[in-house]
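Note: the block below is entry_33.txt and it holds compact mmCIF, C-alpha atoms.
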# COMPACT_ATOMS: atom_id res chain seq x y z
CA MET X 1 -9.16 7.53 -4.15
CA ARG X 2 -9.04 4.10 -5.77
CA SER X 3 -12.41 2.49 -6.46
CA PHE X 4 -12.86 -1.26 -6.11
CA ALA X 5 -16.16 -1.42 -7.98
CA GLY X 6 -15.88 -4.10 -10.64
CA ARG X 7 -12.31 -4.97 -9.62
CA SER X 8 -11.03 -8.50 -9.15
CA VAL X 9 -9.76 -9.17 -5.61
CA VAL X 10 -7.99 -12.30 -4.33
CA ILE X 11 -7.93 -12.82 -0.55
CA THR X 12 -6.03 -15.59 1.23
CA GLY X 13 -7.10 -16.99 4.60
CA ALA X 14 -10.56 -15.79 3.65
CA ALA X 15 -12.83 -18.28 5.39
CA GLY X 16 -12.82 -16.84 8.91
CA GLY X 17 -11.99 -13.95 11.19
CA LEU X 18 -10.41 -10.98 9.44
CA GLY X 19 -10.43 -12.80 6.09
CA GLN X 20 -14.20 -13.20 6.15
CA ALA X 21 -14.60 -9.55 7.15
CA LEU X 22 -12.38 -8.52 4.23
CA VAL X 23 -14.49 -10.56 1.81
CA ALA X 24 -17.59 -8.79 3.08
CA VAL X 25 -16.23 -5.23 2.83
CA PHE X 26 -14.81 -5.75 -0.67
CA LEU X 27 -18.13 -7.19 -1.86
CA GLN X 28 -19.90 -4.18 -0.32
CA ALA X 29 -17.48 -1.96 -2.27
CA GLY X 30 -18.59 -3.61 -5.52
CA ALA X 31 -15.57 -5.85 -6.04
CA ARG X 32 -15.52 -9.42 -7.33
CA VAL X 33 -13.78 -11.64 -4.81
CA LEU X 34 -11.94 -14.94 -5.05
CA ALA X 35 -11.76 -16.25 -1.47
CA LEU X 36 -8.94 -18.71 -0.80
CA ASP X 37 -8.52 -20.96 2.20
CA CYS X 38 -7.19 -24.43 3.01
CA ASN X 39 -10.37 -25.29 4.95
CA THR X 40 -13.04 -26.65 2.60
CA GLN X 41 -15.89 -26.63 5.12
CA ALA X 42 -15.09 -23.10 6.22
CA LEU X 43 -15.27 -21.93 2.60
CA VAL X 44 -18.73 -23.50 2.28
CA ALA X 45 -19.80 -21.64 5.44
CA LEU X 46 -18.34 -18.42 4.04
CA ARG X 47 -20.45 -18.65 0.89
CA GLU X 48 -23.55 -19.27 2.98
CA ALA X 49 -22.76 -16.28 5.20
CA MET X 50 -22.37 -13.82 2.34
CA PRO X 51 -25.29 -12.08 0.57
CA PRO X 52 -26.32 -13.21 -2.93
CA HIS X 53 -23.23 -13.21 -5.12
CA GLY X 54 -24.08 -12.87 -8.79
CA THR X 55 -24.90 -15.71 -11.13
CA ASP X 56 -23.12 -18.87 -12.22
CA LYS X 57 -21.97 -17.09 -15.38
CA ALA X 58 -21.12 -13.82 -13.66
CA PRO X 59 -20.27 -14.49 -10.00
CA THR X 60 -19.17 -11.74 -7.66
CA LEU X 61 -17.85 -14.28 -5.14
CA ALA X 62 -15.94 -17.47 -5.88
CA THR X 63 -14.15 -19.77 -3.45
CA LEU X 64 -11.22 -22.09 -3.97
CA VAL X 65 -9.34 -24.46 -1.68
CA CYS X 66 -5.73 -23.31 -1.73
CA ASP X 67 -2.63 -24.24 0.26
CA ILE X 68 -0.46 -21.14 -0.07
CA THR X 69 2.66 -23.07 0.95
CA GLN X 70 2.36 -24.86 -2.41
CA PRO X 71 3.38 -22.65 -5.38
CA GLN X 72 1.24 -24.67 -7.79
CA ASP X 73 -1.88 -23.93 -5.72
CA CYS X 74 -1.09 -20.21 -5.85
CA THR X 75 -0.64 -20.29 -9.61
CA ALA X 76 -3.92 -22.20 -9.98
CA ALA X 77 -5.73 -19.60 -7.88
CA ILE X 78 -4.56 -16.70 -10.03
CA THR X 79 -5.43 -18.69 -13.16
CA GLN X 80 -8.93 -19.16 -11.76
CA ALA X 81 -9.38 -15.44 -11.10
CA VAL X 82 -8.23 -14.60 -14.62
CA ALA X 83 -10.62 -17.18 -16.08
CA LEU X 84 -13.53 -15.75 -14.08
CA TRP X 85 -12.92 -12.02 -14.44
CA GLY X 86 -10.12 -11.47 -16.92
CA GLY X 87 -7.41 -10.52 -14.43
CA VAL X 88 -6.40 -9.68 -10.87
CA ASP X 89 -6.46 -6.11 -9.56
CA VAL X 90 -5.90 -6.66 -5.83
CA LEU X 91 -4.15 -9.38 -3.82
CA VAL X 92 -4.58 -9.40 -0.03
CA ASN X 93 -2.14 -11.77 1.68
CA ASN X 94 -4.13 -12.35 4.85
CA ALA X 95 -3.50 -16.03 5.68
CA GLY X 96 -1.33 -16.69 8.70
CA ILE X 97 -0.63 -18.80 11.77
CA SER X 98 1.00 -18.07 15.10
CA HIS X 99 2.79 -19.87 17.90
CA ARG X 100 3.23 -19.28 21.62
CA SER X 101 6.29 -20.86 23.22
CA LEU X 102 9.69 -19.78 24.48
CA PHE X 103 12.40 -20.47 21.93
CA GLU X 104 14.45 -22.63 24.29
CA ASP X 105 11.48 -25.02 24.55
CA THR X 106 10.47 -24.94 20.90
CA ASP X 107 11.12 -27.46 18.15
CA PRO X 108 12.70 -25.45 15.28
CA ALA X 109 10.25 -27.21 12.96
CA VAL X 110 7.52 -25.04 14.48
CA LEU X 111 9.36 -21.89 13.40
CA ARG X 112 9.84 -23.34 9.93
CA LYS X 113 6.10 -24.04 9.62
CA VAL X 114 5.22 -20.51 10.70
CA MET X 115 7.66 -19.10 8.14
CA GLU X 116 6.27 -21.35 5.41
CA VAL X 117 2.75 -20.02 5.90
CA ASN X 118 3.25 -16.41 6.95
CA PHE X 119 6.24 -15.48 4.80
CA PHE X 120 6.69 -17.95 1.97
CA GLY X 121 2.94 -18.29 1.48
CA ALA X 122 2.74 -14.54 0.83
CA VAL X 123 5.80 -14.77 -1.43
CA HIS X 124 4.28 -17.60 -3.49
CA MET X 125 0.94 -15.80 -3.92
CA THR X 126 2.57 -12.49 -4.77
CA HIS X 127 4.89 -14.10 -7.31
CA ALA X 128 1.94 -15.79 -8.99
CA ALA X 129 -0.14 -12.60 -9.07
CA LEU X 130 2.55 -10.07 -9.94
CA PRO X 131 2.29 -10.27 -13.76
CA GLN X 132 -1.43 -9.47 -13.45
CA LEU X 133 -0.84 -6.68 -10.95
CA LEU X 134 1.81 -5.11 -13.16
CA ALA X 135 -0.41 -5.32 -16.24
CA ARG X 136 -3.37 -3.78 -14.41
CA ARG X 137 -1.49 -1.36 -12.11
CA GLY X 138 -2.98 -3.13 -9.14
CA VAL X 139 -2.51 -3.48 -5.38
CA VAL X 140 -0.77 -6.08 -3.24
CA ALA X 141 -1.34 -5.97 0.52
CA ALA X 142 0.17 -8.09 3.29
CA LEU X 143 -1.13 -8.57 6.82
CA SER X 144 1.78 -8.00 9.14
CA SER X 145 1.43 -7.12 12.82
CA VAL X 146 2.91 -5.09 15.64
CA ALA X 147 5.19 -8.15 15.78
CA GLY X 148 6.49 -7.09 12.37
CA TYR X 149 8.36 -4.11 13.81
CA ALA X 150 8.64 -4.80 17.55
CA PRO X 151 9.56 -7.80 19.72
CA LEU X 152 6.91 -10.03 21.30
CA LEU X 153 8.05 -12.50 23.93
CA GLY X 154 7.29 -16.17 23.26
CA ARG X 155 6.69 -15.71 19.54
CA THR X 156 10.12 -15.79 17.94
CA GLY X 157 8.90 -17.56 14.81
CA TYR X 158 5.85 -15.36 14.42
CA CYS X 159 7.90 -12.18 14.83
CA ALA X 160 10.53 -13.48 12.42
CA SER X 161 7.89 -14.18 9.77
CA LYS X 162 6.30 -10.75 10.15
CA HIS X 163 9.66 -8.92 10.17
CA ALA X 164 10.49 -10.81 6.98
CA LEU X 165 7.28 -9.56 5.37
CA HIS X 166 8.44 -5.97 5.97
CA GLY X 167 11.81 -6.57 4.37
CA PHE X 168 10.24 -8.31 1.40
CA PHE X 169 7.32 -5.97 0.70
CA ASP X 170 9.18 -2.73 1.45
CA THR X 171 11.80 -3.82 -1.07
CA LEU X 172 9.22 -5.04 -3.58
CA ARG X 173 7.64 -1.59 -3.42
CA THR X 174 10.87 -0.03 -4.64
CA GLU X 175 10.83 -2.40 -7.62
CA VAL X 176 7.23 -1.97 -8.74
CA GLN X 177 5.82 1.34 -7.52
CA GLU X 178 7.10 3.27 -10.55
CA ARG X 179 5.26 0.74 -12.72
CA GLY X 180 1.99 1.56 -11.00
CA VAL X 181 1.70 -1.23 -8.41
CA GLN X 182 0.75 -0.22 -4.88
CA VAL X 183 2.30 -2.22 -2.01
CA THR X 184 0.69 -1.90 1.43
CA LEU X 185 1.71 -3.41 4.76
CA ILE X 186 -1.00 -3.66 7.43
CA CYS X 187 0.10 -3.87 11.06
CA PRO X 188 -2.74 -4.38 13.54
CA SER X 189 -2.31 -5.31 17.17
CA PHE X 190 -4.80 -7.82 18.62
CA ILE X 191 -7.98 -8.74 16.73
CA THR X 192 -10.81 -10.99 17.91
CA THR X 193 -10.08 -13.81 15.46
CA GLY X 194 -9.22 -17.48 15.86
CA ILE X 195 -5.49 -17.06 15.24
CA GLY X 196 -4.72 -16.93 18.96
CA ALA X 197 -6.75 -20.04 19.77
CA ALA X 198 -5.14 -21.91 16.87
CA ALA X 199 -1.56 -20.93 17.74
CA LEU X 200 1.03 -23.69 17.71
CA GLY X 201 2.83 -24.67 20.88
CA ALA X 202 6.42 -25.75 21.45
CA SER X 203 5.99 -29.18 19.82
CA GLY X 204 3.72 -28.11 16.97
CA ALA X 205 0.49 -29.12 18.73
CA ALA X 206 -1.99 -26.44 19.77
CA ALA X 207 -0.68 -24.04 22.39
CA THR X 208 -2.16 -24.49 25.84
CA THR X 209 -1.05 -21.24 27.46
CA PRO X 210 -3.71 -18.49 27.60
CA ARG X 211 -3.06 -15.55 25.30
CA ILE X 212 -2.46 -12.19 26.98
CA THR X 213 -3.39 -9.12 24.96
CA THR X 214 -2.37 -5.51 25.42
CA GLY X 215 -4.58 -2.55 24.64
CA GLY X 216 -7.73 -4.59 24.02
CA GLU X 217 -8.86 -6.33 20.82
CA SER X 218 -10.31 -4.79 17.68
CA SER X 219 -13.22 -6.30 15.79
CA PRO X 220 -12.45 -7.93 12.42
CA ASN X 221 -15.04 -5.75 10.69
CA ASP X 222 -13.52 -2.52 12.02
CA ILE X 223 -10.02 -3.52 10.88
CA ALA X 224 -11.35 -4.68 7.49
CA GLN X 225 -13.03 -1.31 6.94
CA ARG X 226 -9.78 0.48 7.82
CA ILE X 227 -7.84 -1.75 5.43
CA LEU X 228 -10.25 -1.03 2.59
CA ALA X 229 -9.91 2.72 3.20
CA ALA X 230 -6.09 2.53 3.37
CA LEU X 231 -5.90 0.63 0.08
CA ALA X 232 -8.26 3.11 -1.56
CA GLN X 233 -6.09 5.98 -0.31
CA GLY X 234 -2.87 4.42 -1.59
CA LYS X 235 -1.15 4.08 1.78
CA GLY X 236 2.10 2.16 2.00
CA GLN X 237 1.56 1.19 5.63
CA LEU X 238 -1.46 1.05 7.92
CA LEU X 239 -1.33 1.10 11.72
CA PRO X 240 -5.06 0.60 12.22
CA ASP X 241 -5.50 0.91 15.97
CA ARG X 242 -4.23 2.89 18.94
CA THR X 243 -2.02 0.07 20.26
CA SER X 244 -0.27 -0.44 16.93
CA ARG X 245 0.42 3.28 16.57
CA LEU X 246 1.69 3.60 20.13
CA ALA X 247 3.90 0.52 19.76
CA TRP X 248 5.34 1.87 16.50
CA TRP X 249 6.55 5.11 18.06
CA VAL X 250 7.59 3.81 21.48
CA SER X 251 9.54 0.87 20.02
CA ARG X 252 11.50 3.37 17.91
CA LEU X 253 11.97 6.22 20.37
CA ALA X 254 12.51 4.10 23.50
CA PRO X 255 13.18 0.50 22.41
CA SER X 256 14.60 -0.67 25.75
CA TRP X 257 11.65 0.71 27.68
CA TYR X 258 9.26 -0.88 25.19
CA ALA X 259 10.92 -4.27 25.54
CA ARG X 260 10.78 -4.15 29.34
CA ALA X 261 7.14 -3.10 29.37
CA MET X 262 6.22 -5.84 26.89
CA GLN X 263 8.09 -8.45 28.95
CA ARG X 264 6.27 -7.46 32.14
CA ARG X 265 2.94 -7.74 30.39
CA VAL X 266 3.43 -10.97 28.45
CA ARG X 267 5.76 -13.09 30.56
CA ALA X 268 2.88 -14.36 32.69
CA GLU X 269 1.81 -16.49 29.68
CA PHE X 270 4.82 -18.72 30.28
CA GLU X 271 5.11 -18.79 34.03
CA PRO X 272 4.13 -22.04 35.79

Target encoding structure tokens, full file:
Amino acid sequence: MRSFAGRSVVITGAAGGLGQALVAVFLQAGARVLALDCNTQALVALREAMPPHGTDKAPTLATLVCDITQPQDCTAAITQAVALWGGVDVLVNNAGISHRSLFEDTDPAVLRKVMEVNFFGAVHMTHAALPQLLARRGVVAALSSVAGYAPLLGRTGYCASKHALHGFFDTLRTEVQERGVQVTLICPSFITTGIGAAALGASGAAATTPRITTGGESSPNDIAQRILAALAQGKGQLLPDRTSRLAWWVSRLAPSWYARAMQRRVRAEFEP
């Protein structure tokens, strides 16, 4: 079991939802956390929501505004963590956005934006952190989704970005695991966070169609606790809820049946 006490953890998309829950559970585990987000006000609220976090000279929680689509911001974030705590032991690529629109109606620029955040944002952060993770035999985790291994109607860009994460991080694992770096993909189903409400629509504005979920929604705190345990146990992949585990097996053993069942459930989002 890996201990996170005294370890330096960088979390992207940390100011709300699952990100905030991850900050809380890592702090409870004794880690020192650099919380990154592009929302300045949300980062202020995050600091206020967390328990006392060290001193000015020895903080256990620091926040930094960071746009992960900009490589220079990612490099600056890792530099900040090293300056505060001497290195980076864990990187959690949590930041992400979604969209809800049929591809035939969607401006391709929407798909590009989703890829920039969900895929290239994780690539930029991981590239910036990798020298530290190699030196300290650390952990890099990426928040994927059921949409990372199975289709989800009306979310072509989102699914593409999450599938890309699997190709990237599964391959990265083969490059770095023998040098002591753990690579973990996390694939939840639906979580009660703001990502659904903030999903992009066909034109890039906020989606107006109501989100339909399958199998209920997990709480951010429950998923965060499961992520912490999976990273401590050295798992390469985490399917943290019943729906994600069921989808994993059914989409592999009966892919056509899975696709039809998913279509029946989700298509109502896009019907007039």

* **Option closest in space to Pro71 of chain X, from X:Ser98, X:His127, X:Leu34, X:Ala29 [counting only C-alpha atoms]** =>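 Smallest distance to Pro71 of chain X is found for X:His127.
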
* To do: Go through X:Ala49, X:Ala21, X:Leu152, X:Ala122 and flag the residue nearest Val266 of chain X, using all atoms listed in the file for the distances.
  => X:Leu152

* If we count all atoms listed in the file, what is near Ala141 of chain X at a cut-off of 7 Å, once residues fewer than 6 positions away on the same chain are taken out, given as a ChimeraX atom specification? -> /X:91-93,183-185

* If you count only C-alpha atoms, which residues fall within 12 Å of segment 248-262 of chain X, apart from same-chain ones fewer than 3 positions away, as number ranges by chain? -> X: 145-154, 187-189, 212-215, 237-245, 265-269

Include C-alpha atoms and write out the residues we just selected as a PDB file, keeping the file's coordinate frame.
ATOM      1  CA  SER X 145       1.430  -7.120  12.820  1.00  0.00           C
ATOM      2  CA  VAL X 146       2.910  -5.090  15.640  1.00  0.00           C
ATOM      3  CA  ALA X 147       5.190  -8.150  15.780  1.00  0.00           C
ATOM      4  CA  GLY X 148       6.490  -7.090  12.370  1.00  0.00           C
ATOM      5  CA  TYR X 149       8.360  -4.110  13.810  1.00  0.00           C
ATOM      6  CA  ALA X 150       8.640  -4.800  17.550  1.00  0.00           C
ATOM      7  CA  PRO X 151       9.560  -7.800  19.720  1.00  0.00           C
ATOM      8  CA  LEU X 152       6.910 -10.030  21.300  1.00  0.00           C
ATOM      9  CA  LEU X 153       8.050 -12.500  23.930  1.00  0.00           C
ATOM     10  CA  GLY X 154       7.290 -16.170  23.260  1.00  0.00           C
ATOM     11  CA  CYS X 187       0.100  -3.870  11.060  1.00  0.00           C
ATOM     12  CA  PRO X 188      -2.740  -4.380  13.540  1.00  0.00           C
ATOM     13  CA  SER X 189      -2.310  -5.310  17.170  1.00  0.00           C
ATOM     14  CA  ILE X 212      -2.460 -12.190  26.980  1.00  0.00           C
ATOM     15  CA  THR X 213      -3.390  -9.120  24.960  1.00  0.00           C
ATOM     16  CA  THR X 214      -2.370  -5.510  25.420  1.00  0.00           C
ATOM     17  CA  GLY X 215      -4.580  -2.550  24.640  1.00  0.00           C
ATOM     18  CA  GLN X 237       1.560   1.190   5.630  1.00  0.00           C
ATOM     19  CA  LEU X 238      -1.460   1.050   7.920  1.00  0.00           C
ATOM     20  CA  LEU X 239      -1.330   1.100  11.720  1.00  0.00           C
ATOM     21  CA  PRO X 240      -5.060   0.600  12.220  1.00  0.00           C
ATOM     22  CA  ASP X 241      -5.500   0.910  15.970  1.00  0.00           C
ATOM     23  CA  ARG X 242      -4.230   2.890  18.940  1.00  0.00           C
ATOM     24  CA  THR X 243      -2.020   0.070  20.260  1.00  0.00           C
ATOM     25  CA  SER X 244      -0.270  -0.440  16.930  1.00  0.00           C
ATOM     26  CA  ARG X 245       0.420   3.280  16.570  1.00  0.00           C
ATOM     27  CA  ARG X 265       2.940  -7.740  30.390  1.00  0.00           C
ATOM     28  CA  VAL X 266       3.430 -10.970  28.450  1.00  0.00           C
ATOM     29  CA  ARG X 267       5.760 -13.090  30.560  1.00  0.00           C
ATOM     30  CA  ALA X 268       2.880 -14.360  32.690  1.00  0.00           C
ATOM     31  CA  GLU X 269       1.810 -16.490  29.680  1.00  0.00           C
TER      32      GLU X 269
END

* Asked: Hey, what's within 8 Å of Ser219 of chain X if we count all atoms listed in the file and toss same-chain stuff fewer than 4 positions away? As a PyMOL selection string, please?
  -> chain X and resi 191-192+223

* **One-decimal distance in Å that lies between atom CA of Thr63 of chain X and atom CA of Val25 of chain X** =>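 Separation between atom CA of Val25 of chain X and atom CA of Thr63 of chain X: 16.0 Å.
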
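Atom CA of Leu84 of chain X sits 12.4 Å away from atom CA of Gly6 of chain X.
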
* Name the residues in contact with Leu27 of chain X at a cut-off of 10 Å, using all atoms listed in the file, excluding same-chain residues fewer than 5 positions from it; report them as a ChimeraX atom specification. => /X:4-7,9,21-22,32-33,50-51,53,60-61

* Enter the distance from atom CA of Gly216 of chain X to atom CA of Asn94 of chain X, in Å, rounded to one decimal. => 21.0 Å

* Which of X:Ala224, X:Met125, X:Leu246, X:Ala229 sits closest to Ala24 of chain X [using all atoms listed in the file] -> X:Ala224

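If all atoms listed in the file are the atoms counted, then among X:Gln132, X:Gln41, X:Gln263, X:Gln225 the closest residue to Gly19 of chain X is X:Gln225.
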
* In the coordinates of the file, take the point (9.6, -21.1, 23.7) and a cut-off of 8 Å; then, counting only C-alpha atoms, name each qualifying protein, DNA or RNA residue as a list in words. =>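 Every polymer residue passing the test: Arg100, Ser101, Leu102, Phe103, Glu104, Asp105, Thr106, Gly154, Arg155, Thr156 and Ala202 of chain X.
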
* Shell around Arg136 of chain X at 9 Å using only C-alpha atoms, local window under 2 positions removed, as a list of chain:residue names ->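 Result of the neighbour search: X:Gly87, X:Val88, X:Asp89, X:Pro131, X:Gln132, X:Leu133, X:Leu134, X:Gly138, X:Gly180, X:Val181.
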
Save out the residues we just selected, C-alpha atoms, as a PDB file, in the frame of the given file.
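Output (again_25.pdb):
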ATOM      1  CA  GLY X  87      -7.410 -10.520 -14.430  1.00  0.00           C
ATOM      2  CA  VAL X  88      -6.400  -9.680 -10.870  1.00  0.00           C
ATOM      3  CA  ASP X  89      -6.460  -6.110  -9.560  1.00  0.00           C
ATOM      4  CA  PRO X 131       2.290 -10.270 -13.760  1.00  0.00           C
ATOM      5  CA  GLN X 132      -1.430  -9.470 -13.450  1.00  0.00           C
ATOM      6  CA  LEU X 133      -0.840  -6.680 -10.950  1.00  0.00           C
ATOM      7  CA  LEU X 134       1.810  -5.110 -13.160  1.00  0.00           C
ATOM      8  CA  GLY X 138      -2.980  -3.130  -9.140  1.00  0.00           C
ATOM      9  CA  GLY X 180       1.990   1.560 -11.000  1.00  0.00           C
ATOM     10  CA  VAL X 181       1.700  -1.230  -8.410  1.00  0.00           C
TER      11      VAL X 181
END

* Just give me the residues with any atom within 8 Å of (6.2, -6.9, 2.9), file coordinates, counting all atoms listed in the file, written as a list of chain:residue names. => X:Ala141, X:Ala142, X:Ser144, X:Ala164, X:Leu165, X:His166, X:Gly167, X:Phe168, X:Phe169, X:Asp170, X:Thr171, X:Leu172, X:Val183, X:Thr184, X:Leu185

* **Minimum-distance residue to Phe26 of chain X, chosen among X:Ala42, X:Ile227, X:Ala81, X:Val110 (using all atoms listed in the file)** =>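 Looking only at the distances to Phe26 of chain X, the closest residue turns out to be X:Ile227.
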